[in-house]
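Working notes, beginning with the structure itself.
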Amino acid sequence: VSVVTRTVAELAKALGAELEGDGSLVITGVAGLEEAQPGQLSFYGNPKYKAALGATKASAVLVPRDATGRGQATWLRVGSPHLAYARASQLFSPPRAHAPGIAAGAHVHATAQVDDTATVMVGATVDEGASIGPRAVLYPGVYVGQLARVGADSVLKANVVVADGCLVGARCLLHPGVVIGADGFGFALDLEKPEHVKIPQVGIARLEDDVEIGAASCVDRATTGETVIGRGTKIDNLVQVGHNCTVGAMSILCAQVGLAGTTELGMGVMLGGQVGIAGHVRIGDMAKVIAQSGIMRDLDAGAIVGGSPAIPQREWMRSTALFARLPELQHELTQLKKRLEALEKKDQTP
Amino acid sequence: VSVVTRTVAELAKALGAELEGDGSLVITGVAGLEEAQPGQLSFYGNPKYKAALGATKASAVLVPRDATGRGQATWLRVGSPHLAYARASQLFSPPRAHAPGIAAGAHVHATAQVDDTATVMVGATVDEGASIGPRAVLYPGVYVGQLARVGADSVLKANVVVADGCLVGARCLLHPGVVIGADGFGFALDLEKPEHVKIPQVGIARLEDDVEIGAASCVDRATTGETVIGRGTKIDNLVQVGHNCTVGAMSILCAQVGLAGTTELGMGVMLGGQVGIAGHVRIGDMAKVIAQSGIMRDLDAGAIVGGSPAIPQREWMRSTALFARLPELQHELTQLKKRLEALEKKDQTP
Amino acid sequence: VSVVTRTVAELAKALGAELEGDGSLVITGVAGLEEAQPGQLSFYGNPKYKAALGATKASAVLVPRDATGRGQATWLRVGSPHLAYARASQLFSPPRAHAPGIAAGAHVHATAQVDDTATVMVGATVDEGASIGPRAVLYPGVYVGQLARVGADSVLKANVVVADGCLVGARCLLHPGVVIGADGFGFALDLEKPEHVKIPQVGIARLEDDVEIGAASCVDRATTGETVIGRGTKIDNLVQVGHNCTVGAMSILCAQVGLAGTTELGMGVMLGGQVGIAGHVRIGDMAKVIAQSGIMRDLDAGAIVGGSPAIPQREWMRSTALFARLPELQHELTQLKKRLEALEKKDQTP
């Protein structure tokens with residue numbers, strides 16, 4: 001249970017908000033408009049919740065700059081209520097604190113370097129020559145391989161694996177079961193034996209700062225060179241990033257997305273759930289791909305596409321609507337054919 | 001190897017079956033009609049296996065109430081042979097037994113409560129204030145977080161993670177690598193920095209009783225409140241359940257299904273493999289979704305749909321059939337056009 | 001960093017290559033044509049890299065038997081440059097060496113048999129009666145269940161699980177988080193309670209020799225009998241193989257593929273990423289399935305298919321092209337209808 005408290009006036013200052021109402025009220029947490037209780041802060045960003053805004057029990061509400069019709073609640077006017085809500089929520093819900101140090105049941109190799117302020121929980125393993133940065137936290141079952149590095153303030157939840165030589169930046173958050181640096185999927189066919197001959201995967205995987213990766217997601221190491229996840233990119237659960245991919249900064253990859261090898265994503269790319277992208281494809285900055293789509297060719301910056309194989313969103317929507325009406329179209333075609341035949345017959349009748 | 005033995009008469013009683021034949025035969029196990037040997041019990045539920053029923057070496061066979069033409073094997077007439085077979089199979093194949101107690105190499109926090117009859121295997125970790133119910137079993141590599149609870153008779157296989165505060169009901173079975181309570185995927189965009197600001201995920205994930213979850217599947221914790229998996233629901237491997245989802249009781253989610261955030265599934269819903277469901281969508285009771293489909297809108301109770309985006313099954317089948325025939329339809333269209341042009345020409349000829 | 005060195009002449013001999021140029025040059029590693037530095041070996045297999053071949057700094061290049069126009073670099077003529085490159089790369093990048101023995105913090109049951117030359121790293125667990133073959137390596141967090149067997153020279157990366165009774169052949173490589181032998185997904189519905197009654201999964205999963213499985217992939221145990229992955233088959237990350245599947249030798253399953261229960265794959269089958277195959281389906285030898293496709297029926301040997309449900313590749317390509325043009329087709333249909341109506345009207349005008 002949170003024990004953080006702030007007056008509304010303090011919050012207004014912290015969030016750069018314009019205060020309207022009683023600034024002396026004490027806030028102890030955040031909640032949605034409908035669930036909020038007195039003493040809580042909420043937010044209003046979408047006109048469809050106008051009624052909820054009027055009825056809320058929240059003591060204070062984050063609202064857009066131009067909102068009108070304040071009732072009882074104190075208002076905090078901001079540019080983006082949702083963003084301010086996220087920041088306020090962080091204030092009231094700080095992440096779990098960890099005592100620094102290496103737990104008795106942790107396994108840290110003699111040659112590994114663990115910062116004094118880092119936490120290595122029981123059952124975590126840090127292998128030869130690896131390094132763990134200041135205030136980083138390794139949960140039970142974590143394995144950090146030979147010469148791998150974990151940056152300052154990064155948190156590796158239970159059973160995360162960072163394989164040999166791989167690099168995790170600062171302030172990264174890796175959820176349970178994440179695997180950084182498994183071998184890329186590369187083989188050469190020897191038809192005579194026959195045998196798939198493994199191509200050694202001697203590159204690494206590197207996460208820049210502020211990357212978050214969801215449970216059981218995998219970022220493969222490069223064949224040679226690096227697989228890179230750019231600064232501030234957020235990846236959901238069960239996502240596959242193949243060898244030698246480059247994911248730009250600030251991108252969003254929803255759950256179960258799959259990137260084949262050597263895929264290149266620009267900055268701020270958004271991929272819906274279960275999207276698949278073929279190898280050696282380039283996706284431009286800020287491109288958006290609708291869930292379940294399949295991308296086989298390069299996409300321009302700012303493109304919005306859907307379908308498998310994907311086409312521009314607008315066309316995809318029209319085509320999917322017509323797909324559902326194919327039986328009807330076929331019927332029309334058949335009717336036209338009959339009418340045409342009738343006319344042709346008449347025409348040939350002397 | 002099983003050492004359980006039962007006479008056919010004992011089995012008939014236990015399964016509520018009507019006995020036809022020799023009830024004194026001793027049964028030591030179950031097997032399919034074709035693989036079964038003398039001393040084994042089999043089942044017949046589908047007319048297409050009529051020949052196999054006649055030829056089986058099984059000593060006893062579970063058959064429908066109205067089956068006819070018994071040969072050598074003793075018959076046990078029941079309402080559902082498949083169901084009776086499942087129960088008989090459980091009888092002959094009891095799950096692995098575990099000695100109660102906390103293994104020497106297990107890590108149980110001083111403040112955690114582990115029932116005396118529970119088993120905590122070597123290399124499992126139970127964190128601060130967590131509680132483990134009677135006869136529950138934690139395999140090696142399991143992590144049960146702060147204040148998390150695991151109910152009676154639940155089994156957490158190797159490397160399962162139940163994150164801080166999350167709740168697992170009674171008689172649940174979580175296969176290796178399952179992650180309960182990773183953070184939901186929620187961010188607010190700060191365009192000025194730019195930065196995806198994390199929205200703290202302070203809710204929990206809760207599994208009701210008798211839930212089974214397949215290997216490496218993930219159920220995210222709620223942003224606030226609960227993500228819930230209802231009583232008796234069975235989830236296959238590599239499934240993603242997003243934050244704040246509610247999955248009703250008795251549902252079936254096949255492998256690699258993905259539910260985005262705040263999806264609501266009714267009771268007895270069946271989702272085929274690789275199905276994806278968008279956020280904030282409601283799926284009615286007993287609805288069925290064909291494998292690989294994508295759901296973007298609410299579904300009525302009992303609906304059966306397919307495709308991405310999904311449409312009613314019957315229409316989907318017709319449309320997919322016509323999809324394969326699109327080149328043919330286009331050809332017909334072209335032919336009609338030509339014939340029409342010919343007629344028009346004639347018509348304009350004086 | 002690799003310390004392996006070879007002269008070009010030594011490499012030519014080892015790779016069965018025909019040498020053209022200076023054989024005394026010393027090679028210390030491999031790299032792509034563009035990245036390669038003097039002292040490195042590269043390969044040229046695709047005419048579109050002809051310019052890069054001319055410009056490469058590599059000391060030696062593997063080229064096809066019939067290549068022409070050698071510049072400075074020494075050439076090694078081989079049947080398949082890519083294959084020779086894989087073998088050369090293995091030579092220069094041997095896998096990480098491990099000291100044999102059971103680490104102090106490893107958990108090996110008294111009845112388990114671990115070969116003297118095998119490595120069991122800290123935090124790995126080998127359960128009752130299990131056996132680990134010569135030179136096998138178990139990383140931290142690995143769990144090998146009761147009576148399970150791991151063959152010679154197999155490597156199980158961090159947090160791999162091989163469940164009770166399951167068998168892993170020789171020279172297998174299992175990446176972090178792989179789960180072999182979770183329960184198959186089988187239940188019988190008891191409508192009266194209602195309840196999904198679990199069908200005990202008493203079979204095993206068996207990997208033949210030389211199998212590689214990617215991070216977080218799952219191979220379920222059989223209901224009875226075996227789930228089998230054939231010799232030399234390579235499986236990428238996050239793949240689901242259901243109970244009682246049989247995957248033939250030398251097959252390739254790309255990331256996030258899902259096989260439902262009792263699916264049968266022939267030899268040399270290739271499945272693109274995110275492909276799904278329904279239960280009880282047979283896929284013939286050497287069949288290929290395009291990424292994201294869904295297979296609901298048997299496929300002949302050598303078939304190449306795409307789409308969901310899948311159709312022959314050629315038809316699929318034509319149909320998807322027409323799918324994108326559906327609005328256009330509909331428009332044409334409407335125009336034809338109008339023109340036909342006009343003709344009909346005239347025709348009826350006396």
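Letters A, B, ... mark the chains of the structure tokens in the order given; residue numbers begin at 1 per chain; ligand numbers begin at 1, in order shown.
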
Check every residue of chain A for an atom within 8 Å of chain C, counting only C-alpha atoms, and provide those that qualify as a PDB file with C-alpha atoms, in the first residue's frame.
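What landed in selection-v6.pdb:
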ATOM      1  CA  HIS A 107      26.030 -17.133  -7.644  1.00  0.00           C
ATOM      2  CA  GLY A 123      19.294 -17.891  -7.069  1.00  0.00           C
ATOM      3  CA  THR A 125      23.781 -16.089 -11.468  1.00  0.00           C
ATOM      4  CA  GLY A 141      16.744 -17.293 -11.603  1.00  0.00           C
ATOM      5  CA  TYR A 143      21.406 -15.588 -15.651  1.00  0.00           C
ATOM      6  CA  ASN A 159      14.418 -16.046 -14.878  1.00  0.00           C
ATOM      7  CA  VAL A 161      18.609 -14.533 -19.436  1.00  0.00           C
ATOM      8  CA  GLY A 177      11.546 -15.117 -18.872  1.00  0.00           C
ATOM      9  CA  VAL A 179      15.888 -14.054 -23.369  1.00  0.00           C
ATOM     10  CA  ALA A 182      19.967 -16.621 -27.962  1.00  0.00           C
ATOM     11  CA  ASP A 183      21.559 -17.728 -31.216  1.00  0.00           C
ATOM     12  CA  PHE A 185      18.531 -18.901 -36.703  1.00  0.00           C
ATOM     13  CA  PHE A 187      22.081 -22.668 -41.215  1.00  0.00           C
ATOM     14  CA  ALA A 188      23.579 -23.706 -44.516  1.00  0.00           C
ATOM     15  CA  LEU A 189      22.206 -26.788 -46.199  1.00  0.00           C
ATOM     16  CA  ASP A 190      24.582 -29.639 -46.926  1.00  0.00           C
ATOM     17  CA  PRO A 194      22.060 -34.200 -45.638  1.00  0.00           C
ATOM     18  CA  GLU A 195      22.532 -31.781 -42.769  1.00  0.00           C
ATOM     19  CA  HIS A 196      21.714 -28.217 -41.760  1.00  0.00           C
ATOM     20  CA  VAL A 197      25.153 -26.849 -40.889  1.00  0.00           C
ATOM     21  CA  LYS A 198      25.009 -24.257 -38.141  1.00  0.00           C
ATOM     22  CA  ILE A 199      26.410 -20.825 -38.893  1.00  0.00           C
ATOM     23  CA  PRO A 200      27.997 -19.732 -35.642  1.00  0.00           C
ATOM     24  CA  VAL A 202      29.154 -14.699 -32.885  1.00  0.00           C
ATOM     25  CA  ALA A 216       9.155 -14.428 -22.469  1.00  0.00           C
ATOM     26  CA  CYS A 218      13.364 -13.001 -27.241  1.00  0.00           C
ATOM     27  CA  THR A 224      28.162 -11.033 -36.693  1.00  0.00           C
ATOM     28  CA  LEU A 238       6.207 -13.187 -26.397  1.00  0.00           C
ATOM     29  CA  GLN A 240      10.521 -12.478 -31.386  1.00  0.00           C
ATOM     30  CA  GLY A 258       7.790 -11.529 -34.928  1.00  0.00           C
ATOM     31  CA  ALA A 260      12.698 -12.220 -39.038  1.00  0.00           C
ATOM     32  CA  GLY A 276       5.093 -10.594 -38.699  1.00  0.00           C
ATOM     33  CA  GLY A 294       2.343  -9.558 -42.537  1.00  0.00           C
ATOM     34  CA  SER A 308      -1.185 -10.232 -44.941  1.00  0.00           C
ATOM     35  CA  PRO A 309       0.522  -9.339 -47.177  1.00  0.00           C
ATOM     36  CA  ILE A 311      -1.539  -2.982 -48.119  1.00  0.00           C
ATOM     37  CA  GLU A 315      -7.468  -0.104 -49.103  1.00  0.00           C
ATOM     38  CA  TRP A 316      -7.222  -2.912 -46.610  1.00  0.00           C
ATOM     39  CA  ARG A 318     -12.273  -1.582 -48.207  1.00  0.00           C
ATOM     40  CA  SER A 319     -10.939  -4.922 -49.390  1.00  0.00           C
ATOM     41  CA  LEU A 322     -15.610  -6.650 -49.852  1.00  0.00           C
ATOM     42  CA  PHE A 323     -14.061  -9.961 -48.868  1.00  0.00           C
ATOM     43  CA  LEU A 329     -20.425 -10.183 -55.678  1.00  0.00           C
ATOM     44  CA  LEU A 333     -21.785 -11.600 -61.515  1.00  0.00           C
ATOM     45  CA  LEU A 336     -25.292 -10.232 -65.014  1.00  0.00           C
ATOM     46  CA  ARG A 339     -29.103 -11.177 -68.306  1.00  0.00           C
ATOM     47  CA  LEU A 340     -26.353 -10.769 -70.854  1.00  0.00           C
ATOM     48  CA  LEU A 343     -29.857 -10.164 -74.488  1.00  0.00           C
TER      49      LEU A 343
END

- Quick one: everything within 9 Å of A:Asn244, counting only C-alpha atoms, minus sequence neighbours fewer than 5 positions away in the same chain. Send it as a ChimeraX atom specification. /A:184,203-205,220-228,261-264

- Query: atom CA of B:Cys172 and atom CA of B:Ala148 are how many Å apart?
  - Reply: 14.5 Å

- What is the distance between atom CA of C:Gly181 and atom CA of C:Met286, in Å to one decimal? 26.4 Å

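Residues of stretch 147-320 of chain A assigned to alpha helix (DSSP H) by DSSP on this structure's backbone: Gln313, Arg314, Glu315, Trp316, Met317, Arg318, Ser319 and Thr320 of chain A.
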
Among stretch 84-200 of chain A, which residues carry a DSSP assignment of strand (DSSP E or B), reported as an mmCIF file with C-alpha atoms, in the first residue's frame?
data_model
loop_
_atom_site.group_PDB
_atom_site.id
_atom_site.type_symbol
_atom_site.label_atom_id
_atom_site.label_comp_id
_atom_site.auth_asym_id
_atom_site.auth_seq_id
_atom_site.Cartn_x
_atom_site.Cartn_y
_atom_site.Cartn_z
ATOM 1 C CA GLY A 101 24.024 -6.447 -2.102
ATOM 2 C CA ILE A 102 24.572 -9.982 -3.263
ATOM 3 C CA HIS A 107 26.030 -17.133 -7.644
ATOM 4 C CA VAL A 108 28.450 -14.409 -8.697
ATOM 5 C CA GLN A 113 31.900 -6.954 -11.307
ATOM 6 C CA VAL A 114 28.766 -6.141 -9.367
ATOM 7 C CA THR A 119 21.013 -6.129 -5.878
ATOM 8 C CA VAL A 120 21.599 -9.752 -6.818
ATOM 9 C CA THR A 125 23.781 -16.089 -11.468
ATOM 10 C CA VAL A 126 26.391 -13.665 -12.807
ATOM 11 C CA SER A 131 29.304 -6.545 -14.981
ATOM 12 C CA ILE A 132 26.228 -5.253 -13.187
ATOM 13 C CA VAL A 137 18.411 -5.516 -9.679
ATOM 14 C CA LEU A 138 18.633 -9.187 -10.652
ATOM 15 C CA TYR A 143 21.406 -15.588 -15.651
ATOM 16 C CA VAL A 144 23.867 -12.953 -16.884
ATOM 17 C CA ARG A 149 26.831 -6.113 -19.082
ATOM 18 C CA VAL A 150 23.745 -4.745 -17.364
ATOM 19 C CA VAL A 155 15.798 -4.435 -13.471
ATOM 20 C CA LEU A 156 15.878 -8.049 -14.644
ATOM 21 C CA VAL A 161 18.609 -14.533 -19.436
ATOM 22 C CA VAL A 162 21.220 -12.153 -20.868
ATOM 23 C CA LEU A 167 24.654 -5.577 -23.452
ATOM 24 C CA VAL A 168 21.709 -4.103 -21.548
ATOM 25 C CA LEU A 173 13.156 -3.312 -17.479
ATOM 26 C CA LEU A 174 13.123 -6.957 -18.543
ATOM 27 C CA VAL A 179 15.888 -14.054 -23.369
ATOM 28 C CA ILE A 180 18.483 -11.639 -24.745
ATOM 29 C CA PHE A 187 22.081 -22.668 -41.215
ATOM 30 C CA ALA A 188 23.579 -23.706 -44.516
ATOM 31 C CA LEU A 189 22.206 -26.788 -46.199
ATOM 32 C CA ASP A 190 24.582 -29.639 -46.926
ATOM 33 C CA GLU A 195 22.532 -31.781 -42.769
ATOM 34 C CA HIS A 196 21.714 -28.217 -41.760
ATOM 35 C CA VAL A 197 25.153 -26.849 -40.889
ATOM 36 C CA LYS A 198 25.009 -24.257 -38.141
#

Polymer residues at most 9 Å from B:Arg135, only C-alpha atoms, same-chain spacing of 4 or more positions, as a CSV table (one decimal) with all heavy atoms, in the first residue's frame:
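Written out: selection-v2.csv:
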chain,number,residue,atom,x,y,z
B,98,HIS,N,4.9,-36.1,-4.3
B,98,HIS,CA,6.0,-35.3,-3.8
B,98,HIS,C,6.1,-35.4,-2.3
B,98,HIS,O,5.0,-35.2,-1.7
B,98,HIS,CB,5.9,-33.9,-4.2
B,98,HIS,CG,6.1,-33.6,-5.7
B,98,HIS,ND1,7.3,-33.4,-6.3
B,98,HIS,CD2,5.2,-33.7,-6.7
B,98,HIS,CE1,7.1,-33.3,-7.6
B,98,HIS,NE2,5.8,-33.4,-7.9
B,100,PRO,N,6.3,-33.9,1.2
B,100,PRO,CA,6.1,-32.5,1.7
B,100,PRO,C,7.4,-32.0,2.3
B,100,PRO,O,8.3,-32.7,2.7
B,100,PRO,CB,5.0,-32.7,2.7
B,100,PRO,CG,5.0,-34.1,3.1
B,100,PRO,CD,5.6,-34.9,2.0
B,115,ASP,N,2.7,-24.0,3.8
B,115,ASP,CA,1.9,-25.0,4.6
B,115,ASP,C,2.8,-26.3,4.8
B,115,ASP,O,3.7,-26.6,3.9
B,115,ASP,CB,0.7,-25.4,3.8
B,115,ASP,CG,-0.2,-26.3,4.6
B,115,ASP,OD1,0.0,-27.5,4.7
B,115,ASP,OD2,-1.1,-25.8,5.3
B,116,ASP,N,2.7,-26.9,5.9
B,116,ASP,CA,3.5,-28.1,6.2
B,116,ASP,C,3.4,-29.2,5.2
B,116,ASP,O,4.3,-30.0,5.0
B,116,ASP,CB,3.1,-28.7,7.6
B,116,ASP,CG,3.6,-27.8,8.7
B,116,ASP,OD1,4.3,-26.8,8.5
B,116,ASP,OD2,3.1,-28.0,9.9
B,117,THR,N,2.3,-29.3,4.5
B,117,THR,CA,2.1,-30.4,3.6
B,117,THR,C,2.5,-30.0,2.2
B,117,THR,O,2.4,-30.8,1.2
B,117,THR,CB,0.6,-30.8,3.5
B,117,THR,OG1,-0.2,-29.6,3.2
B,117,THR,CG2,0.1,-31.3,4.9
B,118,ALA,N,2.9,-28.7,2.0
B,118,ALA,CA,3.4,-28.3,0.7
B,118,ALA,C,4.8,-28.7,0.4
B,118,ALA,O,5.6,-29.1,1.3
B,118,ALA,CB,3.3,-26.8,0.6
B,119,THR,N,5.2,-28.8,-0.9
B,119,THR,CA,6.5,-29.1,-1.3
B,119,THR,C,7.2,-27.9,-2.0
B,119,THR,O,6.7,-27.4,-2.9
B,119,THR,CB,6.5,-30.3,-2.3
B,119,THR,OG1,5.8,-31.4,-1.7
B,119,THR,CG2,7.9,-30.7,-2.7
B,151,GLY,N,-2.7,-21.4,-4.0
B,151,GLY,CA,-3.7,-22.1,-3.3
B,151,GLY,C,-3.4,-23.6,-3.1
B,151,GLY,O,-2.4,-24.1,-3.7
B,152,ALA,N,-4.3,-24.3,-2.4
B,152,ALA,CA,-4.1,-25.7,-2.1
B,152,ALA,C,-4.0,-26.5,-3.3
B,152,ALA,O,-4.7,-26.3,-4.3
B,152,ALA,CB,-5.3,-26.2,-1.2
B,153,ASP,N,-3.2,-27.5,-3.3
B,153,ASP,CA,-3.1,-28.5,-4.4
B,153,ASP,C,-2.6,-28.0,-5.7
B,153,ASP,O,-2.8,-28.7,-6.7
B,153,ASP,CB,-4.4,-29.3,-4.5
B,153,ASP,CG,-4.8,-30.0,-3.2
B,153,ASP,OD1,-4.0,-30.9,-2.9
B,153,ASP,OD2,-5.8,-29.6,-2.6
B,154,SER,N,-2.2,-26.8,-5.8
B,154,SER,CA,-1.7,-26.2,-7.0
B,154,SER,C,-0.3,-26.7,-7.3
B,154,SER,O,0.5,-26.8,-6.3
B,154,SER,CB,-1.8,-24.7,-7.0
B,154,SER,OG,-3.2,-24.3,-7.3
B,155,VAL,N,0.0,-26.9,-8.5
B,155,VAL,CA,1.4,-27.3,-8.9
B,155,VAL,C,2.0,-26.3,-9.9
B,155,VAL,O,1.4,-26.0,-10.9
B,155,VAL,CB,1.3,-28.7,-9.6
B,155,VAL,CG1,2.7,-29.1,-10.0
B,155,VAL,CG2,0.8,-29.7,-8.6

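Considering the residues C:Glu34, C:Asp164, C:Asp285, C:Glu208 and counting only C-alpha atoms, C:Ala303 has its shortest atom-to-atom contact with C:Asp285.
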
- Task: Could you give me, as an NGL selection string, the residues within 8 Å of B:Val78, counting only C-alpha atoms and dropping anything in the same chain fewer than 6 positions from it?
- Result: :B and (15-18 or 62-65 or 84)

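Atom pair atom CA of C:Ala136 / atom CA of C:Ala106 has a distance of 14.6 Å (rounded to one decimal).
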